[in-house]
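Engineer: Below is the file protein-v1.cif, which contains mmCIF, C-alpha atoms.
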```
data_input
#
loop_
_atom_site.label_atom_id
_atom_site.label_comp_id
_atom_site.auth_asym_id
_atom_site.auth_seq_id
_atom_site.Cartn_x
_atom_site.Cartn_y
_atom_site.Cartn_z
CA MET N 5 -37.41 -23.06 -32.46
CA ASN N 6 -40.59 -21.13 -31.68
CA GLU N 7 -41.14 -23.38 -28.64
CA ILE N 8 -38.25 -21.68 -26.80
CA ILE N 9 -38.05 -18.30 -25.14
CA ALA N 10 -34.74 -16.97 -23.81
CA VAL N 11 -34.24 -15.19 -20.50
CA ILE N 12 -30.91 -13.37 -20.10
CA LEU N 13 -29.90 -12.55 -16.53
CA GLY N 14 -28.40 -9.08 -16.33
CA GLY N 15 -26.64 -9.72 -13.04
CA GLY N 16 -26.48 -7.71 -9.85
CA ALA N 17 -24.58 -4.55 -9.02
CA GLY N 18 -21.43 -5.88 -10.68
CA SER N 19 -19.17 -4.85 -7.80
CA ARG N 20 -16.27 -7.00 -9.04
CA LEU N 21 -16.32 -5.06 -12.33
CA HIS N 22 -16.36 -1.69 -10.61
CA PRO N 23 -15.64 1.04 -11.76
CA LEU N 24 -16.74 -0.17 -15.21
CA THR N 25 -20.18 -0.80 -13.70
CA TYR N 26 -20.42 2.47 -11.79
CA ARG N 27 -22.59 4.06 -14.50
CA ARG N 28 -23.86 0.96 -16.34
CA SER N 29 -25.01 -2.60 -15.74
CA LYS N 30 -22.66 -5.50 -16.44
CA PRO N 31 -24.27 -6.50 -19.75
CA ALA N 32 -23.82 -2.92 -21.01
CA VAL N 33 -20.03 -2.88 -20.50
CA PRO N 34 -18.26 -2.30 -23.86
CA LEU N 35 -16.33 -5.20 -25.37
CA ALA N 36 -13.77 -5.45 -28.18
CA GLY N 37 -13.99 -1.81 -29.18
CA ARG N 38 -17.50 -1.72 -30.61
CA PHE N 39 -19.71 -4.35 -28.92
CA ARG N 40 -21.24 -4.75 -25.48
CA LEU N 41 -21.34 -7.88 -23.32
CA ILE N 42 -25.09 -8.27 -23.86
CA ASP N 43 -24.44 -8.70 -27.59
CA ILE N 44 -22.90 -12.13 -26.92
CA PRO N 45 -25.97 -14.02 -25.63
CA ILE N 46 -28.36 -12.09 -27.88
CA SER N 47 -26.26 -12.91 -30.96
CA ASN N 48 -26.06 -16.56 -29.92
CA CYS N 49 -29.86 -16.58 -29.63
CA ILE N 50 -30.41 -14.97 -33.03
CA ASN N 51 -27.90 -17.32 -34.67
CA SER N 52 -29.79 -20.22 -33.05
CA ASP N 53 -33.17 -19.03 -34.42
CA ILE N 54 -34.40 -17.93 -31.00
CA ASN N 55 -35.86 -14.47 -31.35
CA ARG N 56 -38.05 -13.97 -28.27
CA ILE N 57 -35.64 -12.71 -25.67
CA PHE N 58 -36.18 -11.20 -22.22
CA VAL N 59 -33.27 -9.35 -20.55
CA LEU N 60 -33.57 -9.05 -16.76
CA THR N 61 -31.83 -6.19 -14.99
CA GLN N 62 -32.19 -3.90 -12.00
CA PHE N 63 -28.99 -1.85 -11.69
CA ASN N 64 -28.01 1.06 -13.95
CA SER N 65 -30.20 -0.18 -16.78
CA ALA N 66 -30.58 3.07 -18.76
CA SER N 67 -27.61 2.59 -21.12
CA LEU N 68 -28.46 -1.09 -21.58
CA HIS N 69 -32.05 -0.21 -22.45
CA SER N 70 -30.87 2.39 -24.96
CA HIS N 71 -28.44 -0.04 -26.58
CA ILE N 72 -31.02 -2.81 -26.94
CA GLN N 73 -33.61 -0.41 -28.29
CA ASN N 74 -31.19 0.87 -30.94
CA ALA N 75 -29.58 -2.45 -31.83
CA TYR N 76 -32.34 -5.06 -31.91
CA ARG N 77 -35.40 -4.25 -33.97
CA PHE N 78 -37.07 -7.25 -35.56
CA ASP N 79 -39.44 -6.88 -38.47
CA ARG N 80 -43.17 -7.00 -37.83
CA PHE N 81 -43.64 -10.35 -39.58
CA ASP N 82 -41.54 -12.67 -37.39
CA ARG N 83 -42.83 -11.30 -34.05
CA GLY N 84 -39.38 -11.45 -32.53
CA PHE N 85 -38.30 -9.10 -29.75
CA VAL N 86 -35.62 -8.28 -27.23
CA THR N 87 -37.17 -6.62 -24.21
CA ILE N 88 -35.83 -5.49 -20.84
CA GLN N 89 -37.62 -6.61 -17.70
CA ALA N 90 -36.39 -4.55 -14.77
CA ALA N 91 -37.22 -5.30 -11.15
CA GLU N 92 -40.59 -3.76 -10.42
CA GLN N 93 -43.01 -3.40 -7.56
CA THR N 94 -46.05 -5.65 -7.87
CA PRO N 95 -48.85 -6.75 -5.52
CA ALA N 96 -46.78 -9.91 -4.93
CA SER N 97 -43.45 -8.22 -4.18
CA SER N 98 -41.99 -4.78 -3.60
CA SER N 99 -38.32 -5.77 -3.32
CA TRP N 100 -35.38 -6.02 -5.69
CA PHE N 101 -34.56 -9.33 -7.35
CA GLN N 102 -32.98 -11.47 -4.65
CA GLY N 103 -31.09 -13.80 -6.98
CA THR N 104 -31.20 -15.53 -10.36
CA ALA N 105 -34.14 -17.82 -9.58
CA ASP N 106 -36.07 -15.06 -7.83
CA ALA N 107 -35.63 -12.84 -10.90
CA VAL N 108 -37.05 -15.49 -13.24
CA ARG N 109 -39.86 -16.24 -10.79
CA ARG N 110 -40.81 -12.58 -10.60
CA ILE N 111 -41.03 -12.02 -14.37
CA GLN N 112 -43.10 -15.12 -15.15
CA MET N 113 -46.14 -12.88 -15.37
CA HIS N 114 -44.52 -11.39 -18.50
CA THR N 115 -43.02 -14.53 -20.06
CA ARG N 116 -46.13 -16.67 -19.78
CA VAL N 117 -48.01 -14.52 -22.29
CA SER N 118 -45.65 -15.81 -25.00
CA ARG N 119 -46.42 -19.33 -26.24
CA HIS N 120 -43.52 -21.65 -25.38
CA SER N 121 -42.69 -25.12 -24.09
CA HIS N 122 -39.10 -24.52 -22.96
CA VAL N 123 -37.13 -21.71 -21.31
CA LEU N 124 -33.48 -21.04 -22.10
CA ILE N 125 -31.78 -19.18 -19.25
CA LEU N 126 -28.52 -17.36 -19.98
CA SER N 127 -26.01 -15.06 -18.32
CA GLY N 128 -25.43 -11.56 -19.64
CA ASP N 129 -21.71 -11.40 -18.85
CA GLN N 130 -20.03 -14.32 -20.62
CA LEU N 131 -17.96 -14.59 -23.80
CA TYR N 132 -18.51 -17.69 -25.94
CA THR N 133 -20.16 -18.96 -29.12
CA MET N 134 -22.80 -21.66 -28.79
CA ASN N 135 -25.52 -23.02 -31.05
CA TYR N 136 -28.42 -23.47 -28.64
CA GLN N 137 -30.16 -25.71 -31.19
CA GLU N 138 -27.56 -28.36 -30.46
CA MET N 139 -28.15 -28.01 -26.73
CA PHE N 140 -31.93 -28.21 -27.26
CA LYS N 141 -31.60 -31.35 -29.41
CA HIS N 142 -29.46 -32.91 -26.67
CA HIS N 143 -32.17 -31.98 -24.15
CA VAL N 144 -34.95 -33.56 -26.22
CA ASP N 145 -32.99 -36.68 -27.20
CA LEU N 146 -32.22 -37.46 -23.56
CA LYS N 147 -35.82 -36.69 -22.50
CA ALA N 148 -34.47 -34.30 -19.88
CA ASP N 149 -36.42 -32.03 -17.57
CA ILE N 150 -33.44 -29.69 -17.22
CA THR N 151 -30.23 -29.44 -19.22
CA ILE N 152 -27.18 -27.58 -17.92
CA ALA N 153 -24.32 -26.57 -20.18
CA THR N 154 -21.03 -27.65 -18.62
CA ILE N 155 -17.38 -27.12 -19.38
CA PRO N 156 -14.49 -29.31 -18.17
CA VAL N 157 -12.11 -27.50 -15.82
CA HIS N 158 -8.85 -28.29 -14.06
CA ALA N 159 -8.72 -28.90 -10.32
CA ASN N 160 -7.04 -25.50 -9.86
CA ASP N 161 -10.12 -23.77 -11.29
CA ALA N 162 -12.88 -25.94 -9.85
CA SER N 163 -13.28 -23.94 -6.63
CA GLY N 164 -14.59 -20.97 -8.62
CA PHE N 165 -17.59 -22.86 -10.03
CA GLY N 166 -20.51 -25.06 -9.23
CA ILE N 167 -19.20 -28.57 -10.00
CA LEU N 168 -21.56 -31.21 -11.40
CA LYS N 169 -20.91 -34.95 -11.27
CA THR N 170 -22.38 -37.03 -14.11
CA ASP N 171 -22.66 -40.66 -15.11
CA ASP N 172 -21.91 -42.16 -18.54
CA THR N 173 -25.33 -41.05 -19.87
CA HIS N 174 -24.74 -37.35 -19.06
CA THR N 175 -27.23 -37.55 -16.19
CA ILE N 176 -26.21 -35.26 -13.33
CA THR N 177 -26.15 -37.13 -10.03
CA GLU N 178 -24.50 -34.64 -7.68
CA PHE N 179 -23.86 -30.92 -7.34
CA TYR N 180 -21.15 -29.15 -5.33
CA GLU N 181 -21.06 -25.38 -4.91
CA LYS N 182 -17.46 -24.14 -5.32
CA PRO N 183 -15.67 -27.10 -3.70
CA GLN N 184 -12.22 -26.50 -2.27
CA PRO N 185 -9.20 -28.19 -3.95
CA TYR N 186 -8.70 -30.54 -1.00
CA ASP N 187 -12.31 -31.75 -1.34
CA LEU N 188 -12.39 -32.74 -5.04
CA ALA N 189 -11.78 -36.48 -4.63
CA GLY N 190 -14.62 -38.44 -6.21
CA LYS N 191 -16.15 -35.39 -7.91
CA GLU N 192 -14.68 -36.01 -11.37
CA SER N 193 -16.94 -36.89 -14.33
CA PRO N 194 -16.53 -38.79 -17.62
CA VAL N 195 -14.86 -36.53 -20.23
CA ASP N 196 -13.31 -37.14 -23.63
CA ASP N 197 -9.69 -38.20 -24.08
CA GLU N 198 -8.48 -34.69 -24.96
CA MET N 199 -9.95 -33.17 -21.80
CA ARG N 200 -8.64 -36.02 -19.66
CA ALA N 201 -5.13 -35.52 -21.09
CA GLN N 202 -5.36 -31.89 -19.96
CA GLN N 203 -6.63 -33.08 -16.53
CA ARG N 204 -9.86 -31.15 -17.08
CA ILE N 205 -11.99 -33.80 -15.42
CA TYR N 206 -14.39 -31.67 -13.36
CA LEU N 207 -17.57 -30.36 -15.00
CA ALA N 208 -18.33 -26.73 -14.17
CA SER N 209 -21.77 -25.27 -14.65
CA MET N 210 -21.72 -22.48 -17.24
CA GLY N 211 -24.92 -20.94 -15.88
CA ILE N 212 -26.73 -21.86 -19.11
CA TYR N 213 -29.95 -23.85 -18.60
CA ILE N 214 -32.84 -25.28 -20.61
CA PHE N 215 -35.95 -26.00 -18.56
CA ASN N 216 -39.18 -27.63 -19.59
CA LYS N 217 -41.67 -24.85 -18.96
CA ASP N 218 -43.81 -26.78 -16.47
CA VAL N 219 -40.76 -28.05 -14.59
CA LEU N 220 -39.44 -24.51 -14.18
CA ARG N 221 -42.81 -23.22 -13.03
CA ASP N 222 -43.23 -25.99 -10.45
CA LEU N 223 -39.70 -25.67 -9.07
CA LEU N 224 -39.97 -21.90 -8.65
CA ALA N 225 -43.34 -22.29 -6.93
CA GLU N 226 -42.19 -25.10 -4.64
CA ASP N 227 -40.18 -22.94 -2.26
CA LYS N 228 -40.25 -19.13 -2.53
CA SER N 229 -37.10 -18.94 -0.38
CA TRP N 230 -35.07 -20.46 -3.23
CA HIS N 231 -33.45 -17.37 -4.73
CA ASP N 232 -30.59 -18.85 -6.75
CA PHE N 233 -30.47 -21.52 -9.44
CA GLY N 234 -26.97 -22.77 -8.69
CA LYS N 235 -27.22 -22.86 -4.91
CA GLU N 236 -30.82 -23.96 -4.38
CA VAL N 237 -33.00 -24.80 -7.40
CA ILE N 238 -30.58 -27.08 -9.27
CA PRO N 239 -29.49 -29.14 -6.21
CA ALA N 240 -33.16 -29.68 -5.33
CA ALA N 241 -34.05 -30.60 -8.92
CA ILE N 242 -31.31 -33.23 -9.17
CA GLU N 243 -33.06 -35.25 -6.47
CA LYS N 244 -36.44 -35.42 -8.22
CA LYS N 245 -36.05 -34.51 -11.92
CA LYS N 246 -33.97 -35.74 -14.83
CA VAL N 247 -31.15 -33.20 -15.03
CA VAL N 248 -28.51 -33.73 -17.71
CA SER N 249 -25.24 -32.15 -18.77
CA PHE N 250 -24.62 -30.66 -22.20
CA PRO N 251 -20.83 -30.89 -22.61
CA PHE N 252 -19.15 -27.85 -24.16
CA THR N 253 -15.41 -27.69 -24.90
CA GLY N 254 -15.09 -24.44 -26.85
CA TYR N 255 -13.82 -21.09 -25.62
CA TRP N 256 -15.81 -19.70 -22.69
CA SER N 257 -15.01 -16.89 -20.29
CA ASP N 258 -17.08 -15.61 -17.39
CA ILE N 259 -16.53 -11.82 -17.52
CA GLY N 260 -17.08 -11.22 -13.82
CA THR N 261 -13.90 -9.39 -12.77
CA ILE N 262 -11.62 -6.66 -14.06
CA ARG N 263 -8.93 -9.27 -14.73
CA SER N 264 -11.24 -11.55 -16.76
CA PHE N 265 -12.57 -8.56 -18.72
CA TYR N 266 -9.07 -7.34 -19.48
CA ASP N 267 -7.76 -10.80 -20.44
CA ALA N 268 -10.73 -11.44 -22.76
CA ASN N 269 -10.20 -8.18 -24.63
CA ILE N 270 -6.44 -8.68 -24.98
CA MET N 271 -7.04 -12.25 -26.17
CA LEU N 272 -9.09 -10.86 -29.06
CA THR N 273 -6.03 -8.95 -30.34
CA THR N 274 -3.95 -12.10 -30.88
CA PRO N 275 -3.43 -13.38 -34.45
CA LYS N 276 -5.69 -16.41 -33.85
CA PRO N 277 -7.95 -15.60 -30.90
CA GLU N 278 -9.84 -18.41 -29.21
CA PHE N 279 -13.08 -16.46 -29.64
CA ASN N 280 -13.67 -15.79 -33.33
CA VAL N 281 -15.46 -12.51 -34.08
CA TYR N 282 -14.91 -13.17 -37.80
CA ASP N 283 -17.00 -16.36 -37.98
CA PRO N 284 -19.49 -15.85 -40.87
CA ASN N 285 -21.70 -18.62 -39.46
CA ALA N 286 -21.97 -16.95 -36.06
CA PRO N 287 -21.96 -13.16 -36.60
CA LEU N 288 -21.80 -10.90 -33.58
CA TYR N 289 -24.56 -8.28 -33.73
CA THR N 290 -24.60 -4.84 -32.15
CA GLU N 291 -25.89 -1.34 -32.71
CA VAL N 292 -25.48 -0.16 -36.29
CA ARG N 293 -23.68 3.18 -36.25
CA THR N 294 -23.25 5.57 -39.15
CA LEU N 295 -19.59 6.28 -38.53
CA PRO N 296 -16.60 6.84 -40.82
CA HIS N 297 -13.72 4.41 -41.08
CA ALA N 298 -10.68 4.57 -38.80
CA LYS N 299 -7.90 6.93 -39.93
CA ILE N 300 -4.27 6.01 -39.30
CA THR N 301 -1.49 8.54 -39.94
CA ASN N 302 2.18 7.46 -39.74
CA ALA N 303 1.46 5.01 -36.92
CA VAL N 304 2.93 1.62 -36.01
CA ILE N 305 0.21 -0.85 -35.02
CA ARG N 306 0.81 -4.48 -34.04
CA ASN N 307 -1.78 -7.12 -33.07
CA SER N 308 -4.45 -4.57 -32.21
CA ILE N 309 -8.10 -3.79 -32.87
CA ILE N 310 -8.89 -0.29 -34.13
CA ALA N 311 -12.62 0.46 -34.13
CA GLU N 312 -14.43 2.73 -36.54
CA ALA N 313 -14.17 6.53 -36.42
CA SER N 314 -10.86 6.36 -34.55
CA VAL N 315 -7.97 8.67 -35.42
CA VAL N 316 -4.44 7.54 -34.63
CA VAL N 317 -1.62 10.02 -35.31
CA ASP N 318 2.05 8.99 -35.42
CA SER N 319 1.71 6.60 -32.47
CA ASP N 320 2.94 3.13 -31.50
CA ILE N 321 0.17 0.69 -30.51
CA SER N 322 0.59 -3.00 -29.72
CA ASP N 323 -1.65 -5.78 -28.34
CA SER N 324 -4.43 -3.31 -27.58
CA VAL N 325 -8.09 -2.58 -28.24
CA ILE N 326 -8.90 0.92 -29.46
CA GLY N 327 -12.64 1.63 -29.25
CA ILE N 328 -14.95 3.74 -31.38
CA ARG N 329 -14.18 7.46 -31.87
CA SER N 330 -10.83 7.14 -30.11
CA PHE N 331 -8.25 9.86 -30.66
CA ILE N 332 -4.59 8.96 -30.09
CA GLY N 333 -2.19 11.90 -30.26
CA ARG N 334 1.27 12.17 -31.80
CA GLY N 335 4.15 10.28 -30.18
CA THR N 336 1.97 8.23 -27.81
CA THR N 337 2.71 4.57 -26.98
CA ILE N 338 -0.02 2.12 -25.97
CA ARG N 339 0.76 -1.46 -24.92
CA ARG N 340 -1.59 -4.24 -23.81
CA SER N 341 -4.39 -1.84 -22.99
CA VAL N 342 -8.13 -1.47 -23.58
CA ILE N 343 -9.16 2.02 -24.73
CA MET N 344 -12.95 2.10 -24.90
CA GLY N 345 -13.24 5.24 -27.01
CA ALA N 346 -15.85 7.96 -26.77
CA ASP N 347 -19.49 8.84 -27.34
CA TYR N 348 -18.50 11.94 -29.31
CA PHE N 349 -15.55 13.11 -31.37
CA HIS N 350 -12.38 14.64 -29.93
CA TRP N 351 -12.86 17.80 -31.99
CA HIS N 352 -16.62 18.12 -31.48
CA ASP N 353 -17.45 21.48 -29.90
CA SER N 354 -19.19 20.95 -26.55
CA SER N 355 -21.77 23.62 -27.35
CA GLU N 356 -22.96 21.64 -30.38
CA ARG N 357 -22.75 17.98 -29.42
CA GLU N 358 -25.74 16.05 -28.08
CA HIS N 359 -23.73 14.20 -25.44
CA LEU N 360 -23.47 16.60 -22.51
CA GLU N 361 -21.36 14.65 -20.02
CA GLY N 362 -17.60 14.24 -20.28
CA PRO N 363 -14.55 16.43 -20.92
CA ASP N 364 -14.28 18.66 -23.97
CA ARG N 365 -11.52 16.68 -25.69
CA PRO N 366 -11.81 12.91 -25.09
CA GLY N 367 -8.83 10.87 -26.19
CA ILE N 368 -5.13 10.60 -25.45
CA GLY N 369 -2.76 13.50 -25.90
CA GLU N 370 0.75 13.64 -27.29
CA GLU N 371 3.81 11.73 -26.01
CA SER N 372 1.89 9.75 -23.41
CA PHE N 373 2.62 6.15 -22.39
CA ILE N 374 -0.10 3.66 -21.43
CA GLU N 375 0.50 0.01 -20.54
CA GLY N 376 -1.65 -2.63 -18.84
CA ALA N 377 -4.63 -0.32 -18.46
CA ILE N 378 -8.36 -0.04 -19.14
CA VAL N 379 -9.47 3.45 -20.14
CA ASP N 380 -13.26 3.83 -20.03
CA LYS N 381 -15.32 5.96 -22.41
CA ASN N 382 -14.98 9.73 -22.82
CA VAL N 383 -11.74 9.89 -20.81
CA SER N 384 -9.38 12.74 -21.62
CA ILE N 385 -5.71 11.96 -20.98
CA GLY N 386 -3.34 14.89 -21.37
CA ASN N 387 0.11 15.21 -22.93
CA ARG N 388 3.17 13.40 -21.52
CA CYS N 389 1.16 11.25 -19.11
CA VAL N 390 2.33 7.83 -17.90
CA ILE N 391 -0.26 5.21 -16.93
CA ALA N 392 1.56 1.95 -16.32
CA ASN N 393 1.50 0.81 -12.65
CA LYS N 394 5.26 0.30 -12.73
CA ALA N 395 5.26 -0.33 -8.98
CA GLY N 396 3.19 -3.48 -9.50
CA ILE N 397 0.42 -2.52 -7.04
CA GLN N 398 -2.41 -5.07 -7.08
CA GLU N 399 -5.20 -3.07 -5.45
CA GLY N 400 -5.39 0.70 -5.00
CA GLY N 401 -6.38 4.01 -6.53
CA ASP N 402 -7.71 7.37 -5.44
CA ASP N 403 -11.42 6.51 -6.02
CA LYS N 404 -11.79 9.54 -8.31
CA THR N 405 -9.44 9.49 -11.28
CA PHE N 406 -8.12 5.92 -11.24
CA TYR N 407 -8.41 2.49 -9.66
CA ILE N 408 -6.04 -0.45 -9.62
CA ARG N 409 -7.74 -3.85 -9.71
CA ASP N 410 -5.80 -7.11 -10.10
CA GLY N 411 -2.75 -5.01 -11.03
CA ILE N 412 -4.64 -3.30 -13.88
CA VAL N 413 -5.06 0.48 -13.90
CA VAL N 414 -8.65 1.47 -14.64
CA ILE N 415 -9.55 5.05 -15.58
CA PRO N 416 -13.30 5.57 -15.01
CA LYS N 417 -15.70 7.04 -17.52
CA ASN N 418 -15.64 10.83 -18.17
CA VAL N 419 -12.45 11.42 -16.14
CA ARG N 420 -9.92 14.08 -17.15
CA ILE N 421 -6.22 13.32 -16.54
CA GLU N 422 -4.05 16.44 -16.52
CA ASP N 423 -0.83 16.88 -18.52
CA GLY N 424 2.21 15.17 -17.00
CA THR N 425 0.26 12.85 -14.67
CA VAL N 426 2.07 9.65 -13.65
CA ILE N 427 0.04 6.67 -12.39
#
```
Turn this file's structure into structure tokens for me.
Structural biologist:
Amino acid sequence: MNEIIAVILGGGAGSRLHPLTYRRSKPAVPLAGRFRLIDIPISNCINSDINRIFVLTQFNSASLHSHIQNAYRFDRFDRGFVTIQAAEQTPASSSWFQGTADAVRRIQMHTRVSRHSHVLILSGDQLYTMNYQEMFKHHVDLKADITIATIPVHANDASGFGILKTDDTHTITEFYEKPQPYDLAGKESPVDDEMRAQQRIYLASMGIYIFNKDVLRDLLAEDKSWHDFGKEVIPAAIEKKKVVSFPFTGYWSDIGTIRSFYDANIMLTTPKPEFNVYDPNAPLYTEVRTLPHAKITNAVIRNSIIAEASVVVDSDISDSVIGIRSFIGRGTTIRRSVIMGADYFHWHDSSEREHLEGPDRPGIGEESFIEGAIVDKNVSIGNRCVIANKAGIQEGGDDKTFYIRDGIVVIPKNVRIEDGTVI
């Protein structure tokens, strides 16, 4: 598929994922103990034989750049690459990216030097497995100018998406930006019997597009005030180009909020998760680390993920994700929580380690209790602490040591929680 280049949109400031995005961009947020969100679209590209990949970002891109540099190095013979294109000042513009379409428009000076006939545009903050070859074949077979991946959704979910109406040939005839539930009449599309039985009869845009190169160039040049694909470019294209739907019915999650991030991680701990990280035909790639195996001592662990180099001592862990280099002290209980781990070991002397930020002893101390929480990297939680939001607060926090978003307690990166703290 040398005729395709991929452009992955890194997203904006990621305010709905704050504080996880306080020090990093959305695509750099850790996932499932050892991966990052950006690994999803890049892995899908590699597994689809697309190896020329541009990642667009403008906020907190340092950790993302470091991850991509360490994780994705193609050999010199296939000429593949994954490169970051950050917002930059040029003679044509001195501003930040103003939206998804503006970002792609602004980096065309870099993408056009690579020979290609089609552009695959992806989001950097979604969880799914897709073979883009199948989508490209669908695009070619239908002689489309633009193909949009769509997923059937229920009426209760439709207001959170751009809804596309199609005919029996998959041609998109209408577009509605986040329609309200009372305004869905007549906006349903043909779907298969299984989706209709589930009343998933509205097609939501997944934010995954294939454009013919010339069509994309002309649309982006037509009106420089068009900053967003979903709100402006796609509705305009439907009127004058052949725009078709590529129906997708597999697992897909838009990781745009703390709740969706939390739910996706906890889903991965179930015995048969909807997203399969063990699929040998669709491996999930990430940075290769030279780390020892996890070490478990007299612990009880149920339905959980324990990443490499973690040490768990005489603890009780259930339905949780334990990230790389985590240390869990004696007598601690962790339930339905995401512990992201650390950039250095719990016992690593601060005067010797390379990583300078963060408390001396990252990890969780003895006899602590954590439930329904996200603990970011390098956090040090003391002995006999309780982090559980037992009061059921939906939004709150002290803006320094913890936040509560969608009822989930989030401990930001590098924070130290003193012994006996109750949250």
Engineer: Once the PyMOL selection byres ((chain N and resi 275) around 10) has been evaluated on this model, what residues remain selected, and can you format them as a list of chain:residue names?
Structural biologist: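 Selected by the PyMOL selection byres ((chain N and resi 275) around 10) here: N:Met271, N:Leu272, N:Thr273, N:Thr274, N:Lys276, N:Pro277, N:Glu278, N:Arg306, N:Asn307, N:Ser308, N:Asp323.
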Engineer: Determine, counting only C-alpha atoms, which protein, DNA and RNA residues have an atom within 7 Å of an atom of region 212-214 of chain N; residues of the same chain fewer than 3 positions away are not included. Present the result as a ChimeraX atom specification.
Structural biologist: /N:122-127,150-153
Engineer: Generate a file of the selected residues that holds C-alpha atoms, formatted as a PDB file, in the frame of the given file.
Structural biologist:
```pdb
ATOM      1  CA  HIS N 122     -39.100 -24.520 -22.960  1.00  0.00           C
ATOM      2  CA  VAL N 123     -37.130 -21.710 -21.310  1.00  0.00           C
ATOM      3  CA  LEU N 124     -33.480 -21.040 -22.100  1.00  0.00           C
ATOM      4  CA  ILE N 125     -31.780 -19.180 -19.250  1.00  0.00           C
ATOM      5  CA  LEU N 126     -28.520 -17.360 -19.980  1.00  0.00           C
ATOM      6  CA  SER N 127     -26.010 -15.060 -18.320  1.00  0.00           C
ATOM      7  CA  ILE N 150     -33.440 -29.690 -17.220  1.00  0.00           C
ATOM      8  CA  THR N 151     -30.230 -29.440 -19.220  1.00  0.00           C
ATOM      9  CA  ILE N 152     -27.180 -27.580 -17.920  1.00  0.00           C
ATOM     10  CA  ALA N 153     -24.320 -26.570 -20.180  1.00  0.00           C
TER      11      ALA N 153
END
```
Engineer: Go through the shown structure with the PyMOL selection byres ((chain N and resi 317-320) around 6) and write out the matching residues as a PyMOL selection string.
Structural biologist: chain N and resi 301-305+316+321+333-337
Engineer: For CA of Ala225 (chain N) and CA of Ile167 (chain N), determine how far apart the two atoms are, in Å to one decimal place.
Structural biologist: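 Interatomic distance here is 25.1 Å.
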Engineer: Would you give the centre and edge lengths, in Å to one decimal, of a box along x, y and z around the listed atoms of region 111-128 of chain N, with 4 Å added to each side, as AutoDock Vina command-line options?
Structural biologist:
```
--center_x -36.7 --center_y -18.3 --center_z -20.3 --size_x 30.6 --size_y 21.7 --size_z 19.9
```
Engineer: Hey, which of N:Leu131, N:Ile238, N:Met139, N:Val315 ends up closest to Ile332 (chain N)? Count all atoms listed in the file.
Structural biologist: N:Val315
Engineer: May I ask which of the residues N:Ala313, N:Ala268, N:Val11, N:Ile42 is the closest one to Lys299 (chain N), counting all atoms listed in the file?
Structural biologist: N:Ala313
Engineer: Please write the residues picked by the PyMOL selection byres ((chain N and resi 405) around 8) on this file as a ChimeraX atom specification.
Structural biologist: /N:401-404,406-407,415-416,419-421
Engineer: Store the residues picked out above, limited to C-alpha atoms, as a PDB file, keeping the file's coordinate frame.
Structural biologist:
```pdb
ATOM      1  CA  GLY N 401      -6.380   4.010  -6.530  1.00  0.00           C
ATOM      2  CA  ASP N 402      -7.710   7.370  -5.440  1.00  0.00           C
ATOM      3  CA  ASP N 403     -11.420   6.510  -6.020  1.00  0.00           C
ATOM      4  CA  LYS N 404     -11.790   9.540  -8.310  1.00  0.00           C
ATOM      5  CA  PHE N 406      -8.120   5.920 -11.240  1.00  0.00           C
ATOM      6  CA  TYR N 407      -8.410   2.490  -9.660  1.00  0.00           C
ATOM      7  CA  ILE N 415      -9.550   5.050 -15.580  1.00  0.00           C
ATOM      8  CA  PRO N 416     -13.300   5.570 -15.010  1.00  0.00           C
ATOM      9  CA  VAL N 419     -12.450  11.420 -16.140  1.00  0.00           C
ATOM     10  CA  ARG N 420      -9.920  14.080 -17.150  1.00  0.00           C
ATOM     11  CA  ILE N 421      -6.220  13.320 -16.540  1.00  0.00           C
TER      12      ILE N 421
END
```
Engineer: From the options N:Pro34, N:Gly190, N:Gly18, N:Pro45, which residue's atoms come nearest to Ala286 (chain N), counting all atoms listed in the file?
Structural biologist: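 So, comparing all the options, the nearest one is N:Pro45.
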Engineer: Quote the spacing between CA of Glu399 (chain N) and CA of Val342 (chain N) in Å to one decimal place.
Structural biologist: 18.4 Å
Engineer: Quick one: distance from CA of Tyr255 (chain N) to CA of Leu146 (chain N) in Å, one decimal?
Structural biologist: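 Going from CA of Tyr255 (chain N) over to CA of Leu146 (chain N) covers 24.7 Å.
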Engineer: Nearest residue to Ala240 (chain N) out of N:Glu178, N:Asp196, N:Asp283, N:Glu370, using only C-alpha atoms?
Structural biologist: N:Glu178
Engineer: Taking (-12.7, -29.5, -25.2) in the file's own coordinates, collect the residues within 12 Å, counting all atoms listed in the file, and hand them back as a ChimeraX atom specification.
Structural biologist: /N:154-158,195-205,207,251-256
Engineer: Can you spit out the residues from that selection as a CSV table (one decimal), keeping the file's coordinate frame, using C-alpha atoms?
Structural biologist:
```
chain,number,residue,atom,x,y,z
N,154,THR,CA,-21.0,-27.6,-18.6
N,155,ILE,CA,-17.4,-27.1,-19.4
N,156,PRO,CA,-14.5,-29.3,-18.2
N,157,VAL,CA,-12.1,-27.5,-15.8
N,158,HIS,CA,-8.8,-28.3,-14.1
N,195,VAL,CA,-14.9,-36.5,-20.2
N,196,ASP,CA,-13.3,-37.1,-23.6
N,197,ASP,CA,-9.7,-38.2,-24.1
N,198,GLU,CA,-8.5,-34.7,-25.0
N,199,MET,CA,-10.0,-33.2,-21.8
N,200,ARG,CA,-8.6,-36.0,-19.7
N,201,ALA,CA,-5.1,-35.5,-21.1
N,202,GLN,CA,-5.4,-31.9,-20.0
N,203,GLN,CA,-6.6,-33.1,-16.5
N,204,ARG,CA,-9.9,-31.2,-17.1
N,205,ILE,CA,-12.0,-33.8,-15.4
N,207,LEU,CA,-17.6,-30.4,-15.0
N,251,PRO,CA,-20.8,-30.9,-22.6
N,252,PHE,CA,-19.2,-27.8,-24.2
N,253,THR,CA,-15.4,-27.7,-24.9
N,254,GLY,CA,-15.1,-24.4,-26.8
N,255,TYR,CA,-13.8,-21.1,-25.6
N,256,TRP,CA,-15.8,-19.7,-22.7
```
